[in-house]
>>> print(open('work24.cif').read())   # mmCIF, C-alpha atoms
data_query
#
loop_
_atom_site.label_atom_id
_atom_site.label_comp_id
_atom_site.auth_asym_id
_atom_site.auth_seq_id
_atom_site.Cartn_x
_atom_site.Cartn_y
_atom_site.Cartn_z
CA MET A 1 0.00 0.00 0.00
CA SER A 2 1.43 3.34 -0.97
CA GLU A 3 1.11 6.45 1.16
CA ILE A 4 -0.57 9.82 0.83
CA GLN A 5 1.80 11.87 -1.31
CA CYS A 6 0.60 15.12 -2.76
CA ALA A 7 4.25 15.82 -3.53
CA SER A 8 4.21 13.19 -6.28
CA CYS A 9 0.97 14.47 -7.85
CA PHE A 10 1.71 16.56 -10.92
CA GLN A 11 -1.78 17.45 -12.11
CA GLN A 12 -3.27 18.92 -8.92
CA LEU A 13 -6.83 18.25 -10.08
CA CYS A 14 -8.31 19.31 -6.72
CA VAL A 15 -7.85 22.95 -7.69
CA GLY A 16 -10.38 22.50 -10.50
CA GLY A 17 -12.83 20.26 -8.66
CA GLY A 18 -11.55 16.72 -9.37
CA PHE A 19 -9.25 14.20 -7.70
CA GLN A 20 -6.76 11.53 -8.68
CA LYS A 21 -8.06 7.96 -8.98
CA LYS A 22 -4.76 6.69 -7.54
CA ASN A 23 -4.00 5.33 -4.12
CA PHE A 24 -1.81 8.28 -3.14
CA CYS A 25 -4.69 10.78 -3.26
CA PRO A 26 -6.13 11.45 0.23
CA LYS A 27 -9.61 12.04 -1.22
CA ASN A 28 -9.55 8.46 -2.47
CA VAL A 29 -8.12 6.88 0.67
CA TYR A 30 -10.04 8.79 3.37
CA PRO A 31 -13.32 10.01 1.81
CA GLU A 32 -15.01 10.13 5.25
CA VAL A 33 -12.53 12.74 6.50
CA TYR A 34 -13.90 15.33 4.08
CA VAL A 35 -17.46 14.83 5.31
CA ALA A 36 -16.21 15.32 8.87
CA ALA A 37 -14.28 18.46 7.84
CA GLU A 38 -17.35 20.02 6.20
CA ALA A 39 -19.39 19.26 9.31
CA GLU A 40 -16.66 20.94 11.37
CA TYR A 41 -16.92 24.10 9.26
CA ALA A 42 -20.69 24.07 9.64
CA THR A 43 -20.72 23.59 13.42
CA ASP A 44 -17.63 25.42 14.72
CA ALA A 45 -18.30 29.15 14.40
CA GLU A 46 -14.72 30.19 15.20
CA THR A 47 -13.22 27.95 12.53
CA ARG A 48 -15.67 29.15 9.91
CA GLU A 49 -15.00 32.78 10.75
CA MET A 50 -11.24 32.23 10.60
CA ALA A 51 -11.45 30.45 7.23
CA LYS A 52 -13.66 33.19 5.82
CA ASN A 53 -11.46 36.05 6.98
CA ALA A 54 -8.28 34.31 5.80
CA ALA A 55 -9.78 33.90 2.31
CA ILE A 56 -10.83 37.56 2.22
CA MET A 57 -7.38 38.66 3.45
CA GLU A 58 -5.71 36.57 0.74
CA SER A 59 -7.90 38.18 -1.92
CA ARG A 60 -7.29 41.74 -0.73
CA GLY A 61 -3.51 41.54 -0.56
CA TYR A 62 -2.49 38.82 -2.99
CA ILE A 63 1.23 39.37 -3.84
CA ALA A 64 0.93 43.01 -2.74
CA TRP A 65 1.17 42.65 1.04
CA PRO A 66 4.02 41.26 3.17
CA ARG A 67 3.17 38.72 5.84
CA LEU A 68 3.10 41.17 8.72
CA LYS A 69 0.39 43.18 6.92
CA ASP A 70 -1.51 39.91 6.35
CA ILE A 71 -1.40 39.18 10.08
CA ILE A 72 -2.50 42.71 10.98
CA GLU A 73 -5.46 42.64 8.60
CA PHE A 74 -6.47 39.14 9.72
CA ALA A 75 -6.35 40.15 13.38
CA LYS A 76 -8.39 43.26 12.66
CA ALA A 77 -11.01 41.23 10.78
CA MET A 78 -11.26 38.75 13.65
CA LYS A 79 -11.49 41.63 16.18
CA TYR A 80 -8.49 40.51 18.22
CA ALA A 81 -7.36 43.28 20.56
CA ARG A 82 -4.61 41.70 22.66
CA LEU A 83 -1.69 40.13 20.83
CA THR A 84 1.26 38.33 22.39
CA VAL A 85 4.52 38.01 20.48
CA PHE A 86 7.06 35.41 21.60
CA PHE A 87 10.60 35.27 20.32
CA CYS A 88 14.15 34.00 20.64
CA PRO A 89 16.64 36.48 22.18
CA ASP A 90 18.66 36.28 18.96
CA LEU A 91 15.76 38.00 17.17
CA TRP A 92 15.31 40.78 19.69
CA ARG A 93 15.79 43.64 17.22
CA GLU A 94 13.38 42.20 14.66
CA THR A 95 10.72 41.64 17.31
CA LYS A 96 11.10 45.16 18.62
CA ARG A 97 10.45 46.63 15.19
CA ALA A 98 7.54 44.27 14.53
CA CYS A 99 5.98 45.16 17.91
CA ARG A 100 6.30 48.86 17.15
CA ILE A 101 4.42 48.35 13.88
CA LEU A 102 1.70 46.31 15.64
CA VAL A 103 1.26 49.00 18.32
CA LYS A 104 0.98 51.66 15.62
CA ASN A 105 -1.90 49.65 14.12
CA GLY A 106 -3.86 49.87 17.35
CA PHE A 107 -3.26 46.55 19.11
CA THR A 108 -2.37 45.96 22.72
CA VAL A 109 0.89 44.08 22.37
CA SER A 110 2.86 42.15 24.94
CA SER A 111 5.91 39.99 24.30
CA ARG A 112 7.66 37.11 26.03
CA VAL A 113 11.19 35.88 25.51
CA CYS A 114 12.18 32.20 25.36
CA ARG A 115 15.37 31.17 27.13
CA THR A 116 15.29 27.39 27.13
CA CYS A 117 18.81 27.14 25.75
CA ARG A 118 20.44 29.87 27.94
CA GLU A 119 21.70 30.14 31.53
CA ASN A 120 19.19 29.22 34.28
CA PRO A 121 16.93 27.58 31.68
CA ARG A 122 13.17 27.46 31.68
CA THR A 123 11.26 24.46 30.34
CA PRO A 124 8.73 24.68 27.46
CA ASP A 125 5.85 24.20 29.94
CA ASP A 126 6.97 27.27 31.88
CA PHE A 127 7.13 29.22 28.64
CA ILE A 128 3.54 28.26 27.78
CA ASP A 129 2.42 29.43 31.25
CA ASP A 130 4.31 32.67 30.67
CA ILE A 131 2.48 33.31 27.41
CA MET A 132 -0.92 32.41 28.83
CA ASN A 133 -0.42 34.78 31.79
CA THR A 134 -0.66 37.73 29.39
CA SER A 135 -4.26 36.64 28.53
CA PRO A 136 -3.90 37.06 24.74
CA ASP A 137 -6.53 36.79 22.02
CA PHE A 138 -3.98 35.86 19.37
CA VAL A 139 -0.42 34.61 19.58
CA ILE A 140 2.32 35.47 17.07
CA ASN A 141 5.53 33.49 16.76
CA ALA A 142 8.40 35.81 15.84
CA GLY A 143 11.17 33.26 15.53
CA LEU A 144 11.76 30.21 17.68
CA CYS A 145 14.00 27.29 16.85
CA PHE A 146 12.19 24.30 15.38
CA ALA A 147 12.46 22.08 18.44
CA GLN A 148 11.02 24.65 20.85
CA GLU A 149 8.23 25.52 18.44
CA ALA A 150 7.21 21.87 18.18
CA GLN A 151 7.32 21.49 21.98
CA ILE A 152 5.04 24.44 22.74
CA SER A 153 2.55 23.64 19.96
CA LYS A 154 0.63 21.31 22.29
CA ASN A 155 -1.03 24.43 23.73
CA LYS A 156 -4.17 24.80 21.61
CA ASP A 157 -6.29 27.18 23.71
CA ILE A 158 -5.35 30.32 21.79
CA PRO A 159 -5.11 30.64 17.97
CA ALA A 160 -1.48 31.03 16.94
CA THR A 161 0.33 32.03 13.79
CA ALA A 162 3.94 32.25 12.65
CA PHE A 163 5.55 35.46 11.51
CA ILE A 164 9.23 34.53 11.14
CA ALA A 165 10.67 31.03 10.80
CA ARG A 166 14.01 31.33 12.58
CA ASP A 167 17.08 30.12 10.72
CA SER A 168 20.39 30.88 12.40
CA ALA A 169 22.55 29.79 9.44
CA LEU A 170 20.62 31.55 6.67
CA ASN A 171 19.54 34.86 8.27
CA ASN A 172 15.96 33.78 9.05
CA TYR A 173 15.29 32.78 5.46
CA PRO A 174 14.84 28.97 5.47
CA ALA A 175 13.50 28.89 1.90
CA SER A 176 16.91 29.91 0.53
CA ALA A 177 18.24 26.45 1.45
CA ILE A 178 15.81 25.13 -1.19
CA TYR A 179 16.41 27.75 -3.86
CA CYS A 180 20.19 27.21 -3.73
CA SER A 181 20.05 23.40 -3.72
CA ASP A 182 20.96 21.16 -6.67
CA TYR A 183 17.45 19.73 -6.78
CA TRP A 184 16.01 23.19 -7.33
CA LYS A 185 18.53 24.12 -10.00
CA ASP A 186 17.56 21.09 -12.10
CA TRP A 187 13.88 21.70 -11.52
CA ALA A 188 14.02 25.42 -12.29
CA GLU A 189 15.97 24.71 -15.47
CA ASP A 190 13.18 22.43 -16.65
CA VAL A 191 10.14 24.35 -15.57
CA TYR A 192 10.66 28.04 -15.16
CA ARG A 193 13.29 28.73 -17.80
CA LYS A 194 11.93 26.64 -20.68
CA LYS A 195 8.29 27.30 -19.92
CA PHE A 196 8.58 31.04 -19.76
CA GLY A 197 11.23 31.31 -22.46
CA LEU A 198 14.00 32.45 -20.17
CA ALA A 199 17.65 31.67 -20.96
CA MET B 1 5.50 45.15 25.71
CA PRO B 2 7.92 44.00 28.42
CA CYS B 3 10.40 41.63 26.78
CA ALA B 4 10.69 43.36 23.41
CA ASN B 5 11.60 46.66 25.09
CA CYS B 6 14.17 45.11 27.44
CA ALA B 7 17.65 45.75 26.08
CA ASP B 8 19.62 44.24 28.98
CA GLN B 9 17.92 40.83 29.03
CA THR B 10 18.72 40.51 32.70
CA CYS B 11 16.85 37.22 33.06
CA PHE B 12 19.64 35.19 31.48
CA THR B 13 22.64 37.52 31.23
CA GLY B 14 22.47 38.57 34.88
CA GLN B 15 23.67 42.09 34.00
CA GLY B 16 21.89 45.43 34.03
CA LYS B 17 18.68 46.43 35.78
CA MET B 18 15.41 44.55 35.65
CA PRO B 19 12.49 46.54 34.18
CA VAL B 20 9.58 47.48 36.44
CA ASP B 21 7.02 45.24 34.70
CA CYS B 22 9.36 42.27 34.24
CA PRO B 23 7.48 38.94 34.47
CA GLU B 24 10.52 37.49 36.28
CA ARG B 25 9.89 39.65 39.36
CA ASN B 26 6.85 37.87 40.73
CA ARG B 27 7.67 34.40 39.52
CA GLU B 28 7.33 31.54 41.97
CA GLU B 29 10.01 28.90 41.75
CA SER B 30 8.26 26.35 39.58
CA GLY B 31 9.46 22.81 40.00
CA SER B 32 7.75 21.51 36.89
CA GLN B 33 9.25 18.46 35.28
CA GLU B 34 10.87 18.46 31.87
CA PRO B 35 8.44 17.13 29.25
CA VAL B 36 11.16 15.17 27.47
CA ALA B 37 14.35 14.04 29.16
CA GLY B 38 17.34 16.01 27.93
CA PHE B 39 15.40 18.51 25.87
CA VAL B 40 17.08 21.57 27.41
CA GLU B 41 20.54 20.22 26.66
CA PHE B 42 19.43 19.35 23.14
CA ALA B 43 18.17 22.90 22.51
CA ALA B 44 21.44 24.41 23.76
CA GLN B 45 23.40 22.04 21.54
CA ILE B 46 21.34 22.99 18.47
CA ARG B 47 21.87 26.68 19.09
CA LYS B 48 25.64 26.21 19.34
CA LYS B 49 25.76 24.34 16.02
CA GLN B 50 24.21 27.19 13.94
CA ILE B 51 22.60 24.89 11.36
CA ASN B 52 19.81 25.73 8.94
CA ARG B 53 16.16 24.95 9.58
CA ILE B 54 15.80 21.82 7.47
CA SER B 55 18.78 20.28 9.29
CA GLU B 56 17.09 21.30 12.53
CA VAL B 57 14.03 19.25 11.53
CA ILE B 58 16.21 16.22 10.83
CA GLU B 59 18.10 16.57 14.15
CA TYR B 60 14.84 16.96 16.08
CA ALA B 61 13.27 13.94 14.41
CA ARG B 62 16.31 11.87 15.33
CA PHE B 63 16.27 13.13 18.91
CA MET B 64 12.58 12.33 19.39
CA LYS B 65 12.84 9.08 17.36
CA ILE B 66 10.07 10.09 14.95
CA GLU B 67 9.61 7.82 11.93
CA LYS B 68 6.83 9.55 10.05
CA ILE B 69 6.68 13.27 9.26
CA GLY B 70 3.52 14.90 7.94
CA ILE B 71 3.75 17.97 5.71
CA ALA B 72 0.92 20.46 5.18
CA CYS B 73 1.76 22.51 2.12
CA CYS B 74 0.33 25.39 0.12
CA ILE B 75 -0.46 24.78 -3.53
CA GLY B 76 1.80 27.66 -4.54
CA LEU B 77 4.83 25.96 -2.98
CA HIS B 78 4.46 22.55 -4.65
CA ASP B 79 7.92 22.72 -6.23
CA GLU B 80 9.52 23.54 -2.89
CA LEU B 81 7.61 20.62 -1.34
CA ARG B 82 9.16 18.21 -3.84
CA VAL B 83 12.64 19.40 -2.88
CA VAL B 84 11.96 19.11 0.85
CA THR B 85 10.52 15.60 0.40
CA ASN B 86 13.63 14.57 -1.53
CA MET B 87 15.92 16.01 1.17
CA LEU B 88 14.06 14.14 3.92
CA LYS B 89 14.07 10.92 1.89
CA LYS B 90 17.83 11.15 1.46
CA THR B 91 18.33 11.15 5.23
CA GLY B 92 16.01 8.17 5.67
CA LEU B 93 12.92 9.90 7.07
CA HIS B 94 9.43 8.99 5.96
CA SER B 95 7.19 11.86 4.89
CA VAL B 96 3.50 12.22 4.05
CA SER B 97 2.23 15.37 2.34
CA VAL B 98 -1.19 16.98 1.84
CA MET B 99 -1.91 20.07 -0.23
CA CYS B 100 -4.15 22.91 0.95
CA LYS B 101 -6.87 22.67 -1.74
CA THR B 102 -7.58 19.03 -0.92
CA GLY B 103 -11.23 18.00 -1.19
CA THR B 104 -12.29 21.04 -3.26
CA TYR B 105 -14.22 22.79 -0.54
CA GLU B 106 -15.80 25.90 -2.08
CA LYS B 107 -15.33 29.45 -0.81
CA LYS B 108 -19.07 30.00 -1.22
CA SER B 109 -19.88 27.54 1.57
CA VAL B 110 -17.65 29.31 4.10
CA GLY B 111 -19.44 32.59 3.39
CA VAL B 112 -16.89 34.56 1.39
CA PRO B 113 -18.55 37.43 -0.55
CA VAL B 114 -18.64 37.23 -4.36
CA ARG B 115 -16.12 39.98 -5.03
CA PHE B 116 -13.41 38.08 -3.11
CA ARG B 117 -13.90 34.72 -4.85
CA MET B 118 -12.65 34.22 -8.40
CA THR B 119 -10.26 37.13 -8.91
CA THR B 120 -8.29 38.92 -6.22
CA GLN B 121 -8.60 42.63 -5.55
CA THR B 122 -5.06 43.07 -6.88
CA GLY B 123 -5.95 41.50 -10.22
CA TYR B 124 -4.85 37.85 -10.16
CA ALA B 125 -6.99 34.76 -10.77
CA VAL B 126 -7.24 32.43 -7.77
CA GLY B 127 -10.37 30.33 -8.39
CA CYS B 128 -13.36 29.53 -6.24
CA VAL B 129 -11.88 26.63 -4.21
CA ALA B 130 -11.07 27.47 -0.59
CA CYS B 131 -8.11 26.11 1.35
CA ASN B 132 -9.13 23.28 3.65
CA PRO B 133 -6.77 23.17 6.65
CA VAL B 134 -9.22 21.15 8.77
CA ALA B 135 -9.14 18.28 6.27
CA GLN B 136 -5.35 18.56 6.02
CA ALA B 137 -5.01 18.17 9.79
CA MET B 138 -7.53 15.32 9.89
CA VAL B 139 -5.78 13.38 7.13
CA LEU B 140 -2.44 13.72 8.93
CA ASN B 141 -4.11 12.63 12.19
CA ARG B 142 -5.41 9.52 10.41
CA GLU B 143 -1.92 8.77 9.10
CA LYS B 144 -0.64 8.95 12.72
CA THR B 145 2.32 11.21 12.02
CA GLY B 146 4.73 12.00 14.84
CA LEU B 147 5.48 15.55 13.71
CA ASN B 148 3.75 17.98 11.36
CA LEU B 149 5.53 20.60 9.27
CA ILE B 150 3.85 23.66 7.78
CA ILE B 151 5.21 24.82 4.44
CA GLY B 152 3.76 28.19 3.53
CA LEU B 153 0.25 28.31 4.91
CA CYS B 154 -1.34 31.79 5.09
CA ALA B 155 -1.85 33.61 8.37
CA GLY B 156 -5.35 32.37 9.21
CA HIS B 157 -5.17 28.87 7.73
CA ASP B 158 -2.03 28.38 9.75
CA SER B 159 -3.88 28.76 13.05
CA ILE B 160 -6.77 26.52 11.96
CA PHE B 161 -4.29 23.75 11.08
CA MET B 162 -2.51 24.09 14.43
CA LYS B 163 -5.87 23.90 16.23
CA TYR B 164 -6.86 20.57 14.67
CA SER B 165 -3.60 18.65 14.35
CA GLU B 166 -2.85 16.21 17.14
CA ALA B 167 0.87 15.79 16.54
CA PRO B 168 3.28 18.62 17.50
CA THR B 169 3.30 21.22 14.74
CA ALA B 170 5.94 23.71 13.63
CA THR B 171 6.51 26.02 10.69
CA LEU B 172 9.26 25.20 8.22
CA ILE B 173 8.69 28.05 5.76
CA ALA B 174 6.58 31.10 6.60
CA LYS B 175 4.81 32.30 3.50
CA ASP B 176 5.34 35.83 2.24
CA ARG B 177 4.09 36.39 -1.27
CA SER B 178 5.66 39.78 -1.81
CA ASN B 179 9.16 38.98 -0.47
CA GLY B 180 9.78 35.47 -1.80
CA HIS B 181 8.94 33.71 1.50
CA ASN B 182 11.30 35.87 3.55
CA PRO B 183 8.92 37.62 5.98
CA ALA B 184 11.71 39.20 8.04
CA ALA B 185 12.97 41.18 5.02
CA ILE B 186 10.57 44.10 5.56
CA LEU B 187 12.10 44.75 8.97
CA TYR B 188 15.57 45.32 7.55
CA ASN B 189 15.15 47.75 4.65
CA PHE B 190 13.84 51.13 3.59
CA TYR B 191 10.86 49.85 1.64
CA GLY B 192 9.49 47.89 4.57
CA ASP B 193 9.72 51.05 6.62
CA ASN B 194 7.95 52.95 3.87
CA PHE B 195 5.19 50.35 3.59
CA PHE B 196 4.18 50.56 7.23
CA GLY B 197 5.23 54.06 8.16
CA ARG B 198 5.08 56.75 5.52
CA ARG B 199 2.65 55.26 3.02
CA PRO B 200 -0.09 57.73 2.14
CA ASN B 201 -3.69 56.79 1.59
CA PRO B 202 -3.78 55.22 -1.93
CA GLU B 203 -6.78 57.27 -3.08
CA GLY B 204 -5.27 60.41 -1.67
CA ALA B 205 -2.02 59.92 -3.56
CA ALA B 206 -3.72 59.05 -6.85
CA LYS B 207 -5.68 62.29 -6.71
CA TYR B 208 -2.51 64.30 -7.24
CA ASN B 209 -1.00 62.17 -9.99
CA TYR B 210 -2.56 64.01 -12.89
CA ARG B 211 -2.22 67.65 -11.92
CA ARG B 212 0.10 69.98 -10.11
CA ILE B 213 -0.39 70.43 -6.38
CA ARG B 214 -1.59 73.94 -5.65
CA PRO B 215 -0.99 75.73 -2.33
CA ILE B 216 -4.66 75.48 -1.50
CA ASP B 217 -4.43 71.69 -1.77
CA LEU B 218 -1.60 71.61 0.74
CA PHE B 219 -3.65 73.82 3.04
CA ARG B 220 -6.62 71.47 2.75
CA MET B 221 -4.46 68.42 3.41
CA VAL B 222 -3.05 69.94 6.60
CA LYS B 223 -6.47 71.02 7.76
CA LYS B 224 -7.92 67.56 7.15
CA LYS B 225 -5.11 65.98 9.11
CA MET B 226 -5.63 68.36 12.03
CA ARG B 227 -9.32 67.60 12.11
CA SER B 228 -8.73 63.83 12.34
#
>>> encode(input="work24.cif", output="structure tokens")
Amino acid sequence: MSEIQCASCFQQLCVGGGFQKKNFCPKNVYPEVYVAAEAEYATDAETREMAKNAAIMESRGYIAWPRLKDIIEFAKAMKYARLTVFFCPDLWRETKRACRILVKNGFTVSSRVCRTCRENPRTPDDFIDDIMNTSPDFVINAGLCFAQEAQISKNKDIPATAFIARDSALNNYPASAIYCSDYWKDWAEDVYRKKFGLA
Amino acid sequence: MPCANCADQTCFTGQGKMPVDCPERNREESGSQEPVAGFVEFAAQIRKKQINRISEVIEYARFMKIEKIGIACCIGLHDELRVVTNMLKKTGLHSVSVMCKTGTYEKKSVGVPVRFRMTTQTGYAVGCVACNPVAQAMVLNREKTGLNLIIGLCAGHDSIFMKYSEAPTATLIAKDRSNGHNPAAILYNFYGDNFFGRRPNPEGAAKYNYRRIRPIDLFRMVKKKMRS
């Protein structure tokens, strides 16, 4: 039995309303999941509101807005007043600037620093308590290392989003590891250059 | 905003003065147990190594002994997903991936107004199918993944996915359409500053594109600003 792999699907028929009749397509393997998901949208008001506002936000700022503007507009549409930003001490300057922009847009912002890997360390559980003590409506992740982010994701009481994915080797730009890899060079040669008549 | 304004970072450097509203001041000594044995040492080790984020994923999966990794991906980053899957396969990790448009759930049924559906306000075609993060999370829950990665989900869909996924979730690439998936870039340069700080009202700026600004216009602009 093969596994769910949307990575190996080249046609992406689900965008136009169809699905693959192969055993790697999730629509084929778990059809009951989609019924449950639609029921979830119908019953859970918060989820429906979030999905609606995210779609509207995408439409308003497609390719024109940076991610921070996306987050601001989404939070405004959802009527979140209190935001909490948590960050790694390596990204202190970035967070300070981001917080200043959020405050200028009329939010009540508080921020908490993570120091699991420093002197007198604090565990992930303590960090979650720290964030929850600020009584936020919405939580923004401004750069944590992958391990810490996975550890604190078990807290599901407050909706959370990511602003920066921290990358200490590549200046907080993890996607550049992909764009400079050999895989990507071969792929880009095939698709983007020949298709669009470049080179 | 206590921690973002604190330049000394007294809590771990031990130097400087603690701010007045520091959360460290009224902290009780919590004796809570570590969730995973040796996690704190592992985090310190990772920070010392200065490796990139994809290597961090691999190290973390080895530390936690995770066999199966689930990936929730945006349809616009399908090429990047192929590369990440290849990289993980090369190191011997199993991965399962689901795209965001899975199941063709329509925007109409969530309640998105007509003018936001087929074409965006900025003039691109995006179709009438909504992203379906609930189904993505449910499929990955069924597959019993040990760790879920997010590759480029938008701001709101991100939080819906985190709400429904049972396995620990973390972002691998944060999507930013205008900066090539580098969201921190606006904080470093002049144009980011301009976007959030000095940008005039778009209608107000367009009004003066076609004719010369007269002194009376400047007077009106100042007066309008003072009134508001």
>>> atom_distance(input="work24.cif", atom1="atom CA of Arg97 of chain A", atom2="atom CA of Ile51 of chain B")
25.2 Å
>>> axis_aligned_box(input="work24.cif", around="segment 18-33 of chain A", padding_each_side="6 Å", output="JSON")
{"center_x": -8.4, "center_y": 11.0, "center_z": -1.4, "size_x": 25.2, "size_y": 23.4, "size_z": 27.9}
>>> atom_distance(input="work24.cif", atom1="atom CA of Gly156 of chain B", atom2="atom CA of Asn182 of chain B")
17.9 Å
>>> closest_residue(input="work24.cif", among="A:Gln151, A:Thr95, A:Gln20, A:Thr47", to="Ala7 of chain B", atoms="all atoms listed in the file")
A:Thr95
>>> resolve_selection(input="work24.cif", expression="the PyMOL selection byres ((chain B) within 6 of (chain A))", output="PyMOL selection string")
chain B and resi 1+3-4+12+43-44+50-53+82+96-98+102+104+110+112+116+120-121+134-135+155-156+158-159+163+168-170+174+176-178+182-183
>>> write_last_selection(input="work24.cif", atoms="C-alpha atoms", output="PDB file, in the coordinates of the input")
ATOM      1  CA  MET B   1       5.500  45.150  25.710  1.00  0.00           C
ATOM      2  CA  CYS B   3      10.400  41.630  26.780  1.00  0.00           C
ATOM      3  CA  ALA B   4      10.690  43.360  23.410  1.00  0.00           C
ATOM      4  CA  PHE B  12      19.640  35.190  31.480  1.00  0.00           C
ATOM      5  CA  ALA B  43      18.170  22.900  22.510  1.00  0.00           C
ATOM      6  CA  ALA B  44      21.440  24.410  23.760  1.00  0.00           C
ATOM      7  CA  GLN B  50      24.210  27.190  13.940  1.00  0.00           C
ATOM      8  CA  ILE B  51      22.600  24.890  11.360  1.00  0.00           C
ATOM      9  CA  ASN B  52      19.810  25.730   8.940  1.00  0.00           C
ATOM     10  CA  ARG B  53      16.160  24.950   9.580  1.00  0.00           C
ATOM     11  CA  ARG B  82       9.160  18.210  -3.840  1.00  0.00           C
ATOM     12  CA  VAL B  96       3.500  12.220   4.050  1.00  0.00           C
ATOM     13  CA  SER B  97       2.230  15.370   2.340  1.00  0.00           C
ATOM     14  CA  VAL B  98      -1.190  16.980   1.840  1.00  0.00           C
ATOM     15  CA  THR B 102      -7.580  19.030  -0.920  1.00  0.00           C
ATOM     16  CA  THR B 104     -12.290  21.040  -3.260  1.00  0.00           C
ATOM     17  CA  VAL B 110     -17.650  29.310   4.100  1.00  0.00           C
ATOM     18  CA  VAL B 112     -16.890  34.560   1.390  1.00  0.00           C
ATOM     19  CA  PHE B 116     -13.410  38.080  -3.110  1.00  0.00           C
ATOM     20  CA  THR B 120      -8.290  38.920  -6.220  1.00  0.00           C
ATOM     21  CA  GLN B 121      -8.600  42.630  -5.550  1.00  0.00           C
ATOM     22  CA  VAL B 134      -9.220  21.150   8.770  1.00  0.00           C
ATOM     23  CA  ALA B 135      -9.140  18.280   6.270  1.00  0.00           C
ATOM     24  CA  ALA B 155      -1.850  33.610   8.370  1.00  0.00           C
ATOM     25  CA  GLY B 156      -5.350  32.370   9.210  1.00  0.00           C
ATOM     26  CA  ASP B 158      -2.030  28.380   9.750  1.00  0.00           C
ATOM     27  CA  SER B 159      -3.880  28.760  13.050  1.00  0.00           C
ATOM     28  CA  LYS B 163      -5.870  23.900  16.230  1.00  0.00           C
ATOM     29  CA  PRO B 168       3.280  18.620  17.500  1.00  0.00           C
ATOM     30  CA  THR B 169       3.300  21.220  14.740  1.00  0.00           C
ATOM     31  CA  ALA B 170       5.940  23.710  13.630  1.00  0.00           C
ATOM     32  CA  ALA B 174       6.580  31.100   6.600  1.00  0.00           C
ATOM     33  CA  ASP B 176       5.340  35.830   2.240  1.00  0.00           C
ATOM     34  CA  ARG B 177       4.090  36.390  -1.270  1.00  0.00           C
ATOM     35  CA  SER B 178       5.660  39.780  -1.810  1.00  0.00           C
ATOM     36  CA  ASN B 182      11.300  35.870   3.550  1.00  0.00           C
ATOM     37  CA  PRO B 183       8.920  37.620   5.980  1.00  0.00           C
TER      38      PRO B 183
END
